[in-house]
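Undergrad: Here you go, upload.tsv (TSV, C-alpha atoms):
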```tsv
chain	number	residue	atom	x	y	z
A	742	MET	CA	6.87	-19.51	-5.09
A	743	THR	CA	4.67	-16.40	-5.29
A	744	MET	CA	3.09	-15.27	-8.54
A	745	ALA	CA	5.56	-12.37	-8.77
A	746	GLU	CA	8.73	-14.41	-8.29
A	747	PRO	CA	8.79	-16.03	-11.77
A	748	PHE	CA	8.50	-12.53	-13.26
A	749	PHE	CA	11.56	-11.26	-11.38
A	750	ILE	CA	13.53	-14.46	-12.04
A	751	LYS	CA	12.78	-14.15	-15.77
A	752	ASN	CA	13.90	-10.52	-15.71
A	753	ARG	CA	17.22	-11.49	-14.12
A	754	GLU	CA	17.76	-14.00	-16.92
A	755	LYS	CA	16.98	-11.29	-19.47
A	756	LEU	CA	19.58	-9.05	-17.88
A	757	PHE	CA	22.23	-11.80	-17.81
A	758	SER	CA	21.66	-12.44	-21.52
A	759	ASN	CA	22.60	-8.80	-22.20
A	760	LEU	CA	25.77	-8.76	-20.11
A	761	LYS	CA	29.20	-9.52	-21.54
A	762	ASP	CA	31.20	-12.42	-20.21
A	763	ASN	CA	33.69	-11.55	-17.49
A	764	SER	CA	31.56	-8.70	-16.15
A	765	VAL	CA	29.64	-7.51	-13.13
A	766	ALA	CA	26.50	-5.38	-12.83
A	767	VAL	CA	25.63	-3.36	-9.74
A	768	LEU	CA	22.15	-1.96	-9.06
A	769	PHE	CA	21.05	0.22	-6.16
A	770	ALA	CA	17.58	0.38	-4.60
A	771	GLY	CA	18.17	3.97	-3.54
A	772	LYS	CA	17.33	5.84	-0.37
A	773	ALA	CA	14.64	8.36	0.52
A	774	PRO	CA	16.11	11.89	0.55
A	775	VAL	CA	15.97	14.02	3.68
A	776	LYS	CA	13.07	16.47	3.75
A	777	ARG	CA	14.36	18.43	6.74
A	778	GLY	CA	15.67	17.61	10.17
A	779	ASP	CA	14.84	13.97	10.88
A	780	GLU	CA	12.00	13.82	8.34
A	781	TYR	CA	12.38	11.97	5.03
A	782	TYR	CA	10.46	11.99	1.78
A	783	PRO	CA	8.51	8.78	1.05
A	784	PHE	CA	10.76	6.07	-0.38
A	785	SER	CA	10.21	4.86	-3.93
A	786	PRO	CA	12.51	2.08	-5.17
A	787	ASP	CA	14.66	2.47	-8.25
A	788	ARG	CA	12.53	0.73	-10.85
A	789	ASN	CA	15.37	-1.08	-12.61
A	790	PHE	CA	16.43	-2.52	-9.26
A	791	TYR	CA	12.85	-3.53	-8.50
A	792	TYR	CA	12.36	-5.02	-11.99
A	793	VAL	CA	14.96	-7.73	-11.32
A	794	SER	CA	14.45	-8.24	-7.59
A	795	GLY	CA	10.90	-7.53	-6.40
A	796	ILE	CA	12.51	-5.78	-3.41
A	797	ASP	CA	11.10	-2.38	-2.52
A	798	ARG	CA	13.18	-1.63	0.58
A	799	GLU	CA	15.74	1.16	0.63
A	800	ASN	CA	19.51	0.93	0.92
A	801	CYS	CA	19.83	-2.47	-0.80
A	802	ILE	CA	22.28	-3.46	-3.55
A	803	LEU	CA	22.25	-6.16	-6.22
A	804	LEU	CA	25.47	-7.64	-7.57
A	805	PHE	CA	25.31	-9.67	-10.78
A	806	THR	CA	28.42	-11.59	-11.79
A	807	LYS	CA	28.93	-13.33	-15.12
A	808	ARG	CA	32.04	-15.34	-15.90
A	809	ALA	CA	32.33	-18.29	-18.30
A	810	GLU	CA	29.32	-20.49	-17.46
A	811	GLN	CA	28.88	-19.03	-13.99
A	812	LYS	CA	26.07	-16.56	-13.36
A	813	ASN	CA	25.38	-15.42	-9.80
A	814	VAL	CA	23.26	-12.79	-8.07
A	815	THR	CA	23.82	-11.54	-4.54
A	816	LEU	CA	21.42	-9.24	-2.74
A	817	TYR	CA	22.95	-7.03	-0.06
A	818	ILE	CA	20.61	-5.74	2.65
A	819	PRO	CA	21.01	-3.65	5.83
A	820	ARG	CA	21.66	-5.57	9.03
A	821	ASP	CA	19.17	-5.94	11.88
A	822	ASN	CA	18.52	-2.41	13.14
A	823	GLY	CA	18.14	-3.39	16.80
A	824	ILE	CA	16.47	-0.80	19.02
A	825	MET	CA	15.58	1.36	15.99
A	826	ALA	CA	13.01	-1.27	15.05
A	827	LYS	CA	10.87	0.14	17.86
A	828	TRP	CA	10.94	3.54	16.18
A	829	VAL	CA	10.83	2.83	12.44
A	830	GLY	CA	10.07	-0.90	12.11
A	831	ALA	CA	12.42	-3.83	11.68
A	832	ASN	CA	14.77	-4.19	8.74
A	833	MET	CA	14.12	-7.00	6.29
A	834	THR	CA	15.66	-10.31	7.33
A	835	PRO	CA	17.67	-12.52	4.95
A	836	GLN	CA	14.82	-15.05	5.00
A	837	GLU	CA	12.27	-12.38	4.03
A	838	ALA	CA	14.56	-11.15	1.26
A	839	MET	CA	14.87	-14.68	-0.14
A	840	GLU	CA	11.12	-15.26	-0.02
A	841	ILE	CA	10.34	-12.02	-1.86
A	842	SER	CA	13.06	-12.17	-4.52
A	843	ALA	CA	13.94	-15.89	-4.83
A	844	ILE	CA	17.59	-14.79	-4.59
A	845	GLU	CA	19.47	-17.31	-2.48
A	846	GLN	CA	22.70	-15.42	-1.87
A	847	ILE	CA	22.09	-12.69	0.70
A	848	GLY	CA	24.80	-10.47	2.16
A	849	TYR	CA	24.94	-7.31	4.23
A	850	ILE	CA	25.53	-3.79	2.94
A	851	ASP	CA	28.66	-3.27	5.04
A	852	GLN	CA	30.25	-6.28	3.27
A	853	PHE	CA	29.49	-5.14	-0.26
A	854	GLU	CA	32.51	-3.01	-1.23
A	855	GLU	CA	35.11	-5.46	0.07
A	856	GLU	CA	33.36	-8.44	-1.53
A	857	PHE	CA	33.03	-6.52	-4.78
A	858	ALA	CA	36.74	-5.64	-4.80
A	859	ASP	CA	37.72	-9.21	-3.90
A	860	TYR	CA	35.62	-10.70	-6.71
A	861	VAL	CA	36.82	-8.20	-9.31
A	862	PHE	CA	40.49	-8.77	-8.41
A	863	LYS	CA	40.38	-12.57	-8.20
A	864	ASN	CA	38.45	-13.00	-11.43
A	865	ASN	CA	40.12	-10.27	-13.49
A	866	ILE	CA	36.75	-8.64	-14.26
A	867	GLU	CA	36.93	-6.35	-17.28
A	868	THR	CA	33.51	-4.64	-17.37
A	869	ALA	CA	31.19	-3.15	-14.78
A	870	TYR	CA	27.61	-2.27	-15.68
A	871	LEU	CA	25.98	0.54	-13.70
A	872	ASP	CA	22.75	2.46	-14.19
A	873	LEU	CA	24.30	5.79	-15.22
A	874	GLU	CA	21.08	7.58	-16.12
A	875	CYS	CA	21.63	11.34	-15.88
A	876	ARG	CA	18.92	13.59	-17.31
A	877	ASP	CA	20.03	16.85	-15.73
A	878	PHE	CA	23.62	17.87	-15.04
A	879	SER	CA	22.54	19.75	-11.91
A	880	HIS	CA	20.66	16.84	-10.30
A	881	ALA	CA	22.03	15.18	-7.17
A	882	MET	CA	24.40	12.28	-7.80
A	883	THR	CA	22.72	8.88	-7.72
A	884	PRO	CA	24.29	5.98	-5.76
A	885	ALA	CA	25.34	4.47	-9.11
A	886	LEU	CA	27.12	7.65	-10.23
A	887	GLU	CA	28.87	7.88	-6.86
A	888	PHE	CA	29.96	4.24	-7.12
A	889	ALA	CA	31.22	4.86	-10.67
A	890	LYS	CA	33.64	7.41	-9.24
A	891	LYS	CA	34.92	4.84	-6.76
A	892	ILE	CA	35.45	2.25	-9.49
A	893	LYS	CA	37.43	4.74	-11.56
A	894	GLN	CA	39.63	5.46	-8.56
A	895	ARG	CA	40.15	1.85	-7.46
A	896	PHE	CA	40.03	0.03	-10.83
A	897	PRO	CA	41.04	2.56	-13.51
A	898	ALA	CA	41.47	-0.14	-16.17
A	899	MET	CA	37.92	-1.45	-15.78
A	900	LEU	CA	35.43	-0.53	-18.50
A	901	LEU	CA	32.32	1.21	-17.16
A	902	THR	CA	29.19	0.53	-19.20
A	903	ASN	CA	25.75	2.05	-18.82
A	904	VAL	CA	23.09	-0.61	-18.18
A	905	TYR	CA	20.23	1.91	-18.48
A	906	PRO	CA	19.74	1.38	-22.26
A	907	ILE	CA	19.54	-2.38	-21.66
A	908	PHE	CA	16.75	-1.88	-19.12
A	909	ALA	CA	14.99	0.54	-21.44
A	910	GLN	CA	14.90	-2.14	-24.12
A	911	MET	CA	13.87	-4.90	-21.70
A	912	ARG	CA	11.07	-2.89	-20.11
A	913	GLU	CA	9.42	-1.56	-23.27
A	914	ILE	CA	7.65	-4.91	-23.85
A	915	LYS	CA	5.36	-5.65	-20.92
A	916	GLU	CA	5.00	-9.12	-19.42
A	917	ASP	CA	1.59	-10.48	-18.35
A	918	TYR	CA	2.34	-9.70	-14.69
A	919	GLU	CA	3.02	-6.06	-15.54
A	920	ILE	CA	-0.11	-5.71	-17.66
A	921	GLN	CA	-2.16	-7.13	-14.80
A	922	LYS	CA	-0.73	-4.58	-12.36
A	923	ILE	CA	-1.20	-1.69	-14.81
A	924	GLN	CA	-4.81	-2.78	-15.35
A	925	GLN	CA	-5.42	-2.86	-11.60
A	926	ALA	CA	-3.97	0.65	-11.28
A	927	ILE	CA	-6.17	1.84	-14.15
A	928	ASP	CA	-9.32	0.33	-12.67
A	929	ILE	CA	-8.70	2.07	-9.33
A	930	THR	CA	-7.99	5.34	-11.16
A	931	ILE	CA	-11.32	5.07	-12.97
A	932	LYS	CA	-13.19	4.59	-9.68
A	933	GLY	CA	-11.50	7.70	-8.32
A	934	ILE	CA	-12.43	9.84	-11.33
A	935	GLU	CA	-16.04	8.68	-11.16
A	936	GLU	CA	-16.19	9.64	-7.48
A	937	MET	CA	-14.93	13.14	-8.30
A	938	MET	CA	-17.50	13.53	-11.07
A	939	LYS	CA	-20.32	12.44	-8.74
A	940	HIS	CA	-19.51	15.11	-6.16
A	941	ALA	CA	-18.27	18.03	-8.29
A	942	LYS	CA	-20.24	21.27	-7.94
A	943	ALA	CA	-19.55	24.86	-8.93
A	944	GLY	CA	-18.04	26.80	-6.04
A	945	MET	CA	-15.94	23.91	-4.74
A	946	MET	CA	-12.19	24.30	-4.44
A	947	GLU	CA	-10.10	22.23	-6.84
A	948	TYR	CA	-8.58	20.37	-3.90
A	949	GLU	CA	-12.01	19.56	-2.47
A	950	ILE	CA	-12.91	17.66	-5.62
A	951	GLU	CA	-9.45	16.07	-5.69
A	952	ALA	CA	-10.04	14.74	-2.16
A	953	TYR	CA	-12.67	12.32	-3.46
A	954	PHE	CA	-10.02	10.76	-5.71
A	955	ASP	CA	-7.60	10.44	-2.81
A	956	PHE	CA	-10.25	8.75	-0.67
A	957	VAL	CA	-10.93	6.08	-3.31
A	958	LEU	CA	-7.20	5.34	-3.58
A	959	LYS	CA	-6.92	4.82	0.17
A	960	GLN	CA	-10.05	2.64	0.10
A	961	ASN	CA	-8.30	0.43	-2.44
A	962	GLY	CA	-5.01	0.12	-0.59
A	963	VAL	CA	-3.07	2.58	-2.73
A	964	SER	CA	-0.45	4.37	-0.64
A	965	GLN	CA	1.28	6.34	-3.40
A	966	LYS	CA	-0.06	8.02	-6.52
A	967	ALA	CA	1.50	7.53	-9.93
A	968	PHE	CA	2.25	11.29	-9.94
A	969	GLN	CA	1.07	14.50	-8.33
A	970	THR	CA	-2.56	15.10	-9.24
A	971	ILE	CA	-3.43	17.86	-11.70
A	972	ALA	CA	-6.80	19.42	-10.79
A	973	ALA	CA	-7.20	22.46	-13.01
A	974	ALA	CA	-10.43	24.43	-13.39
A	975	GLY	CA	-11.15	27.12	-15.96
A	976	LYS	CA	-8.04	29.01	-17.06
A	977	ASN	CA	-5.84	26.80	-14.87
A	978	GLY	CA	-6.57	23.97	-17.29
A	979	THR	CA	-4.43	25.70	-19.90
A	980	ILE	CA	-1.32	25.21	-17.70
A	981	LEU	CA	0.06	21.81	-18.66
A	982	HIS	CA	1.49	20.74	-15.30
A	983	TYR	CA	-0.65	22.80	-12.94
A	984	VAL	CA	-0.44	21.21	-9.47
A	985	LYS	CA	-1.37	23.99	-7.02
A	986	ASN	CA	-4.98	22.72	-7.05
A	987	ASN	CA	-6.06	25.65	-4.86
A	988	GLY	CA	-8.38	27.51	-7.23
A	989	LYS	CA	-12.10	27.96	-6.73
A	990	THR	CA	-14.40	26.56	-9.41
A	991	LYS	CA	-17.23	28.65	-10.80
A	992	ASP	CA	-20.36	27.90	-12.76
A	993	GLY	CA	-19.50	27.22	-16.38
A	994	ASP	CA	-15.93	26.00	-15.66
A	995	LEU	CA	-14.44	22.89	-17.11
A	996	ILE	CA	-12.13	21.06	-14.74
A	997	LEU	CA	-9.24	19.00	-16.10
A	998	PHE	CA	-8.02	16.10	-14.01
A	999	ASP	CA	-4.83	14.20	-14.83
A	1000	VAL	CA	-4.59	11.42	-12.25
A	1001	GLY	CA	-3.13	7.99	-11.64
A	1002	ALA	CA	-3.19	5.29	-9.00
A	1003	GLN	CA	-0.11	3.14	-8.40
A	1004	LYS	CA	-0.48	-0.59	-7.77
A	1005	ASP	CA	2.61	-2.52	-6.65
A	1006	TRP	CA	4.76	0.16	-8.29
A	1007	TYR	CA	2.87	0.05	-11.62
A	1008	ASN	CA	0.85	3.02	-12.79
A	1009	GLY	CA	-2.36	4.15	-14.34
A	1010	ASP	CA	-2.50	7.53	-16.07
A	1011	ILE	CA	-5.87	8.94	-17.16
A	1012	SER	CA	-7.06	12.46	-17.93
A	1013	ARG	CA	-10.66	13.56	-18.09
A	1014	THR	CA	-12.20	17.01	-18.46
A	1015	PHE	CA	-15.74	17.69	-17.35
A	1016	PRO	CA	-18.01	20.65	-16.49
A	1017	VAL	CA	-18.21	21.21	-12.73
A	1018	SER	CA	-21.89	22.13	-13.02
A	1019	GLY	CA	-22.70	19.08	-15.18
A	1020	LYS	CA	-23.32	20.69	-18.58
A	1021	PHE	CA	-20.93	21.67	-21.38
A	1022	SER	CA	-21.44	25.00	-23.15
A	1023	GLN	CA	-21.67	24.92	-26.94
A	1024	ARG	CA	-18.14	26.23	-27.35
A	1025	GLN	CA	-16.81	23.71	-24.82
A	1026	LYS	CA	-18.58	20.91	-26.67
A	1027	GLN	CA	-17.08	22.05	-29.94
A	1028	ILE	CA	-13.50	21.97	-28.62
A	1029	TYR	CA	-14.10	18.76	-26.67
A	1030	HIS	CA	-15.29	16.96	-29.81
A	1031	ILE	CA	-12.18	18.09	-31.71
A	1032	VAL	CA	-9.95	16.61	-28.98
A	1033	LEU	CA	-12.00	13.40	-28.74
A	1034	GLN	CA	-11.98	12.89	-32.51
A	1035	GLY	CA	-8.22	13.42	-32.53
A	1036	GLN	CA	-7.76	10.83	-29.80
A	1037	GLN	CA	-9.77	8.26	-31.75
A	1038	LYS	CA	-7.72	8.88	-34.90
A	1039	VAL	CA	-4.52	8.21	-32.97
A	1040	ILE	CA	-5.95	5.08	-31.30
A	1041	ASP	CA	-7.11	3.79	-34.70
A	1042	ALA	CA	-3.55	4.18	-36.03
A	1043	ILE	CA	-1.85	2.19	-33.28
A	1044	LYS	CA	-0.56	-1.21	-34.39
A	1045	PRO	CA	2.78	-3.02	-34.63
A	1046	GLY	CA	5.24	-1.41	-37.04
A	1047	VAL	CA	3.86	2.11	-36.74
A	1048	ALA	CA	6.46	4.76	-35.94
A	1049	PHE	CA	5.92	6.18	-32.46
A	1050	SER	CA	6.61	9.70	-33.73
A	1051	SER	CA	3.90	9.43	-36.40
A	1052	LEU	CA	1.16	9.41	-33.74
A	1053	ASN	CA	1.80	13.03	-32.84
A	1054	GLU	CA	1.84	14.03	-36.50
A	1055	ILE	CA	-1.57	12.42	-37.03
A	1056	LEU	CA	-2.98	14.50	-34.19
A	1057	LYS	CA	-1.37	17.76	-35.31
A	1058	GLU	CA	-2.74	17.33	-38.83
A	1059	HIS	CA	-6.22	16.72	-37.38
A	1060	TYR	CA	-5.94	19.81	-35.22
A	1061	PHE	CA	-4.78	21.93	-38.15
A	1062	GLN	CA	-7.81	20.94	-40.20
A	1063	GLU	CA	-10.33	21.44	-37.37
A	1064	LEU	CA	-8.88	24.58	-35.79
A	1065	GLN	CA	-8.65	26.16	-39.22
A	1066	LYS	CA	-12.40	25.63	-39.67
A	1067	ILE	CA	-13.20	27.59	-36.51
A	1068	GLY	CA	-10.72	30.37	-37.26
A	1069	LEU	CA	-8.16	29.70	-34.52
A	1070	VAL	CA	-5.23	28.95	-36.87
A	1071	GLN	CA	-4.15	29.83	-40.38
A	1072	THR	CA	-1.03	27.65	-40.61
A	1073	LYS	CA	0.03	24.28	-39.20
A	1074	GLN	CA	2.76	25.96	-37.16
A	1075	GLU	CA	0.10	27.90	-35.25
A	1076	VAL	CA	-1.31	24.67	-33.81
A	1077	SER	CA	1.50	24.82	-31.23
A	1078	LYS	CA	-0.21	27.85	-29.64
A	1079	TYR	CA	-2.94	25.54	-28.41
A	1080	TYR	CA	-1.24	22.13	-28.29
A	1081	TYR	CA	2.31	21.98	-26.93
A	1082	HIS	CA	3.08	18.44	-25.83
A	1083	ASN	CA	3.29	15.00	-27.40
A	1084	VAL	CA	0.27	12.75	-27.68
A	1085	SER	CA	1.86	9.69	-26.08
A	1086	HIS	CA	4.42	8.24	-23.73
A	1087	TYR	CA	5.21	4.73	-22.49
A	1088	LEU	CA	3.48	3.64	-19.28
A	1089	GLY	CA	4.57	1.04	-16.75
A	1090	ALA	CA	6.67	1.00	-13.60
A	1091	GLU	CA	7.24	4.70	-14.24
A	1092	THR	CA	4.45	6.99	-15.39
A	1093	HIS	CA	6.71	8.24	-18.18
A	1094	ASP	CA	8.27	4.83	-18.61
A	1095	ILE	CA	11.83	4.53	-19.81
A	1096	GLY	CA	12.76	3.98	-23.44
A	1097	ARG	CA	13.60	5.88	-26.58
A	1098	TYR	CA	10.63	7.36	-28.39
A	1099	GLN	CA	11.37	9.10	-31.64
A	1100	GLU	CA	13.24	6.25	-33.33
A	1101	LYS	CA	10.90	3.54	-32.05
A	1102	TYR	CA	8.31	1.47	-33.87
A	1103	LEU	CA	5.39	0.01	-31.98
A	1104	LYS	CA	5.49	-3.65	-30.94
A	1105	PRO	CA	2.95	-5.99	-29.32
A	1106	ASN	CA	2.66	-5.59	-25.54
A	1107	MET	CA	3.94	-2.05	-25.47
A	1108	VAL	CA	1.72	0.07	-23.20
A	1109	LEU	CA	1.34	3.75	-23.98
A	1110	THR	CA	-0.90	6.68	-23.29
A	1111	VAL	CA	-2.96	8.58	-25.86
A	1112	GLU	CA	-3.52	12.07	-24.47
A	1113	PRO	CA	-4.49	14.80	-26.93
A	1114	GLY	CA	-5.21	18.21	-25.48
A	1115	LEU	CA	-6.18	21.71	-26.50
A	1116	TYR	CA	-5.45	24.73	-24.30
A	1117	ILE	CA	-7.16	27.97	-25.30
A	1118	GLU	CA	-6.32	30.53	-22.65
A	1119	GLN	CA	-8.48	33.38	-24.04
A	1120	TRP	CA	-11.56	31.14	-23.78
A	1121	GLU	CA	-10.52	29.67	-20.40
A	1122	ILE	CA	-10.77	26.21	-21.96
A	1123	GLY	CA	-8.23	23.53	-21.18
A	1124	ILE	CA	-9.18	20.02	-22.33
A	1125	ARG	CA	-7.15	16.81	-22.19
A	1126	ILE	CA	-8.54	13.32	-22.75
A	1127	GLU	CA	-6.09	10.56	-21.89
A	1128	ASP	CA	-6.43	6.80	-22.08
A	1129	ASP	CA	-3.99	3.93	-21.60
A	1130	VAL	CA	-3.53	1.57	-24.54
A	1131	MET	CA	-1.75	-1.73	-25.12
A	1132	VAL	CA	-0.44	-2.63	-28.57
A	1133	THR	CA	-1.75	-6.03	-29.76
A	1134	GLU	CA	-0.70	-8.31	-32.62
A	1135	ASP	CA	-2.92	-6.49	-35.12
A	1136	GLY	CA	-3.90	-3.21	-33.47
A	1137	CYS	CA	-4.45	-2.14	-29.88
A	1138	CYS	CA	-6.82	-2.44	-26.95
A	1139	VAL	CA	-7.79	0.45	-24.68
A	1140	LEU	CA	-7.08	-0.66	-21.11
A	1141	SER	CA	-9.05	2.28	-19.71
A	1142	LYS	CA	-12.08	1.67	-21.93
A	1143	ASN	CA	-14.42	1.52	-18.92
A	1144	MET	CA	-13.93	5.23	-18.22
A	1145	ILE	CA	-16.68	7.25	-19.92
A	1146	LYS	CA	-15.58	10.16	-22.10
A	1147	THR	CA	-18.20	11.39	-24.58
A	1148	VAL	CA	-20.09	14.61	-23.86
A	1149	GLU	CA	-23.35	12.68	-23.65
A	1150	GLU	CA	-21.93	10.06	-21.27
A	1151	ILE	CA	-20.39	12.68	-18.98
A	1152	GLU	CA	-23.50	14.84	-18.78
A	1153	ALA	CA	-25.74	11.83	-18.12
A	1154	PHE	CA	-23.39	10.47	-15.44
A	1155	MET	CA	-23.10	13.80	-13.64
A	1156	ALA	CA	-26.85	14.38	-13.76
A	1157	LYS	CA	-27.34	11.24	-11.66
A	1158	GLY	CA	-25.17	12.66	-8.88
A	1159	LYS	CA	-26.85	16.05	-8.70
```
Would you write out, as structure tokens, the structure that this file holds?

TA:
Amino acid sequence: MTMAEPFFIKNREKLFSNLKDNSVAVLFAGKAPVKRGDEYYPFSPDRNFYYVSGIDRENCILLFTKRAEQKNVTLYIPRDNGIMAKWVGANMTPQEAMEISAIEQIGYIDQFEEEFADYVFKNNIETAYLDLECRDFSHAMTPALEFAKKIKQRFPAMLLTNVYPIFAQMREIKEDYEIQKIQQAIDITIKGIEEMMKHAKAGMMEYEIEAYFDFVLKQNGVSQKAFQTIAAAGKNGTILHYVKNNGKTKDGDLILFDVGAQKDWYNGDISRTFPVSGKFSQRQKQIYHIVLQGQQKVIDAIKPGVAFSSLNEILKEHYFQELQKIGLVQTKQEVSKYYYHNVSHYLGAETHDIGRYQEKYLKPNMVLTVEPGLYIEQWEIGIRIEDDVMVTEDGCCVLSKNMIKTVEEIEAFMAKGK
């Protein structure tokens, strides 16, 4: 048994404990969408599917059945792809699927619908759980939403239930395996940021500096990033999700990097802002210190029982006091001119990990970001400082603590590389 298998087995037991008796649950791995012609986007497995299987191959299905004392899981996979293996690689074999997932019942995709219908009919199944997440009405239909339509047509009396909230609750508390993977992703991310800082010089293109981060990820076996890199110099740093990364840096610019490596589908997420020429101006220092002090206040407040929503209020109150002193705001409402996002989100198998935020209270082994920012367009100053934090029994620990962030540390580090 591999180290990962107990984690996935435990997660399947968690899911079973949340399912009603006389029910089924169906999860889909998903499929890479077509880019154009015969080219596809890179595949990324549905994280709820992965969480209970360890399988990161596309076009697979999991069927959970729960009836009386009987609990069973079947994994359906594509059949041997024959000659296509010479073009795209061989499909996963049943033996490989069993070794990865520790699921003993393996079937083939083309059998799934008939076996599903047969089981539902013979056992008078009343409830079907599907991941019915839908954040945007205009988004393409997911395999689960498409299958929900089929169930309604074939079994109109069956109750459809959304399993997404169950996964959101299960995944908000991280297991040791997950924390280990997140820490590995963070450590690689830190190496990448340091490499960018070593080589940054005024006059370089944003993407040139970004390339040093990409190289470190490849060196460390990372094939996919946690998200598209933000590399924003000068005024571009005031655009929250700037991803063009095609601007030219100039002497005196700050450059804001929001980056993350992905390790075995778990993510790091760190932001750092530094001067491309190695030295902060006095005004840049002043704003940077305000952001850094705000981050520390939020980190100091993190402990079990604290309302998630209160973290953002702590930061906004800090900003109001400090920005008032330097004449940027007169009222608390004006803070939103310069700070227009929340200070935190969950982190895990998704960069913005699933779960409800506003009504939540922090619990041990939650992992979240702390990412205060200030964006002052008229001064061409965009600053964000982001670290990844795990809630402990009596406070929190900063998982990205090895990444330098004070003005003095940054200037000293960059001076060594010049």

Undergrad: Which polymer residues have any atom within 10 Å of an atom of A:Ala809, counting only C-alpha atoms, with same-chain residues fewer than 5 positions away left out, as a list of chain:residue names?

TA: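 After dropping sequence-adjacent residues, the list is A:Lys761, A:Asp762, A:Asn763, A:Ser764.
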
Undergrad: Neighbouring residues of A:Gln836 were defined as those with any atom within 12 Å, considering all atoms listed in the file; residues of the same chain fewer than 3 positions away were excluded. Please report them as a PyMOL selection string.

TA: chain A and resi 816+818+832-833+839-848

Undergrad: Out of A:Val1076, A:Cys1137, A:Leu995, A:Ile1126, which residue has the shortest atom-to-atom distance to A:Gln1036 when counting only C-alpha atoms?

TA: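 For A:Gln1036, the nearest of the candidates is A:Ile1126.
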
Undergrad: As a compact mmCIF listing (two decimals) with C-alpha atoms, in the frame of the given file, please: the residues near stretch 915-923 of chain A (cut-off 6 Å, all atoms listed in the file, same-chain neighbours under 3 positions excluded).

TA:
```txt
# COMPACT_ATOMS: atom_id res chain seq x y z
CA ALA A 926 -3.97 0.65 -11.28
CA TYR A 1007 2.87 0.05 -11.62
CA ASN A 1008 0.85 3.02 -12.79
CA GLY A 1009 -2.36 4.15 -14.34
CA ASN A 1106 2.66 -5.59 -25.54
CA MET A 1107 3.94 -2.05 -25.47
```

Undergrad: Mind checking which residues fall within 10 Å of stretch 1142-1148 of chain A, counting only C-alpha atoms, ignoring those fewer than 5 positions away in the same chain, and posting them as a list in words?

TA: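 Selected residues are Ile927, Asp928, Thr930, Ile931, Lys932, Ile934, Glu935, Ile1011, Ser1012, Arg1013, Thr1014, Phe1015, Pro1016, Lys1020, Phe1021, Gln1025, Lys1026, Tyr1029, His1030, Leu1033, Ile1126, Glu1127, Asp1128, Asp1129, Val1130, Ala1153 and Phe1154 of chain A.
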
Undergrad: Generate a file of the selected residues that holds C-alpha atoms, formatted as a compact mmCIF listing (two decimals), keeping the file's coordinate frame.

TA:
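Printed below is part.txt as written:
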```txt
# COMPACT_ATOMS: atom_id res chain seq x y z
CA ILE A 927 -6.17 1.84 -14.15
CA ASP A 928 -9.32 0.33 -12.67
CA THR A 930 -7.99 5.34 -11.16
CA ILE A 931 -11.32 5.07 -12.97
CA LYS A 932 -13.19 4.59 -9.68
CA ILE A 934 -12.43 9.84 -11.33
CA GLU A 935 -16.04 8.68 -11.16
CA ILE A 1011 -5.87 8.94 -17.16
CA SER A 1012 -7.06 12.46 -17.93
CA ARG A 1013 -10.66 13.56 -18.09
CA THR A 1014 -12.20 17.01 -18.46
CA PHE A 1015 -15.74 17.69 -17.35
CA PRO A 1016 -18.01 20.65 -16.49
CA LYS A 1020 -23.32 20.69 -18.58
CA PHE A 1021 -20.93 21.67 -21.38
CA GLN A 1025 -16.81 23.71 -24.82
CA LYS A 1026 -18.58 20.91 -26.67
CA TYR A 1029 -14.10 18.76 -26.67
CA HIS A 1030 -15.29 16.96 -29.81
CA LEU A 1033 -12.00 13.40 -28.74
CA ILE A 1126 -8.54 13.32 -22.75
CA GLU A 1127 -6.09 10.56 -21.89
CA ASP A 1128 -6.43 6.80 -22.08
CA ASP A 1129 -3.99 3.93 -21.60
CA VAL A 1130 -3.53 1.57 -24.54
CA ALA A 1153 -25.74 11.83 -18.12
CA PHE A 1154 -23.39 10.47 -15.44
```

Undergrad: Name all residues at most 9 Å from stretch 811-813 of chain A (count all atoms listed in the file; drop same-chain ones fewer than 5 positions away) and give them as a list in words.

TA: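 The residues satisfying every condition are Phe757, Leu804, Phe805, Thr806 and Gln846 of chain A.
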
Undergrad: Interatomic distance between atom CA of A:Ala858 and atom CA of A:Glu837?

TA: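 Between these atoms lies a distance of 26.9 Å.
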
Undergrad: List every protein, DNA or RNA residue that has at least one atom no more than 9 Å from (2.4, 12.3, -12.5) in the file's coordinates, counting all atoms listed in the file, and write the result as a list in words.

TA: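 Residues lying no farther than 9 Å from the given point: Lys966, Ala967, Phe968, Gln969, Thr970, Ile971, His982, Asp999, Val1000, Gly1001, Asp1010, Thr1092 and His1093 of chain A.
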
Undergrad: Looking at only C-alpha atoms, which of A:Glu810, A:Glu1152, A:Glu1091, A:Glu1121 is the one that sits closest to A:Met938?

TA: A:Glu1152

Undergrad: Let me make sure I understand: among A:Pro747, A:Gly988, A:Gly823, A:Gly771, which one has the smallest atom-to-atom distance to A:Val793 if we use only C-alpha atoms?

TA: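 Among the listed residues, the smallest separation from A:Val793 belongs to A:Pro747.
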
Undergrad: Could you list as a PyMOL selection string every residue that has an atom within 10 Å of (36.5, -3.2, -17.5), using the file's coordinates and counting all atoms listed in the file?

TA: chain A and resi 763-765+861+865-870+892-893+896-902

Undergrad: Box for stretch 995-1009 of chain A: with edges along x, y and z, all listed atoms inside and 5 Å added on each side, what are the centre and edge lengths in Å to one decimal, as JSON?

TA:
```
{"center_x": -4.8, "center_y": 10.2, "center_z": -11.9, "size_x": 29.2, "size_y": 35.4, "size_z": 20.5}
```

Undergrad: Return the single residue from A:Glu1058, A:Glu1150, A:Glu913, A:Asp1135 that is closest to A:Gly1089, with distances computed using only C-alpha atoms.

TA: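 The shortest atom-to-atom distance to A:Gly1089 comes from A:Glu913.
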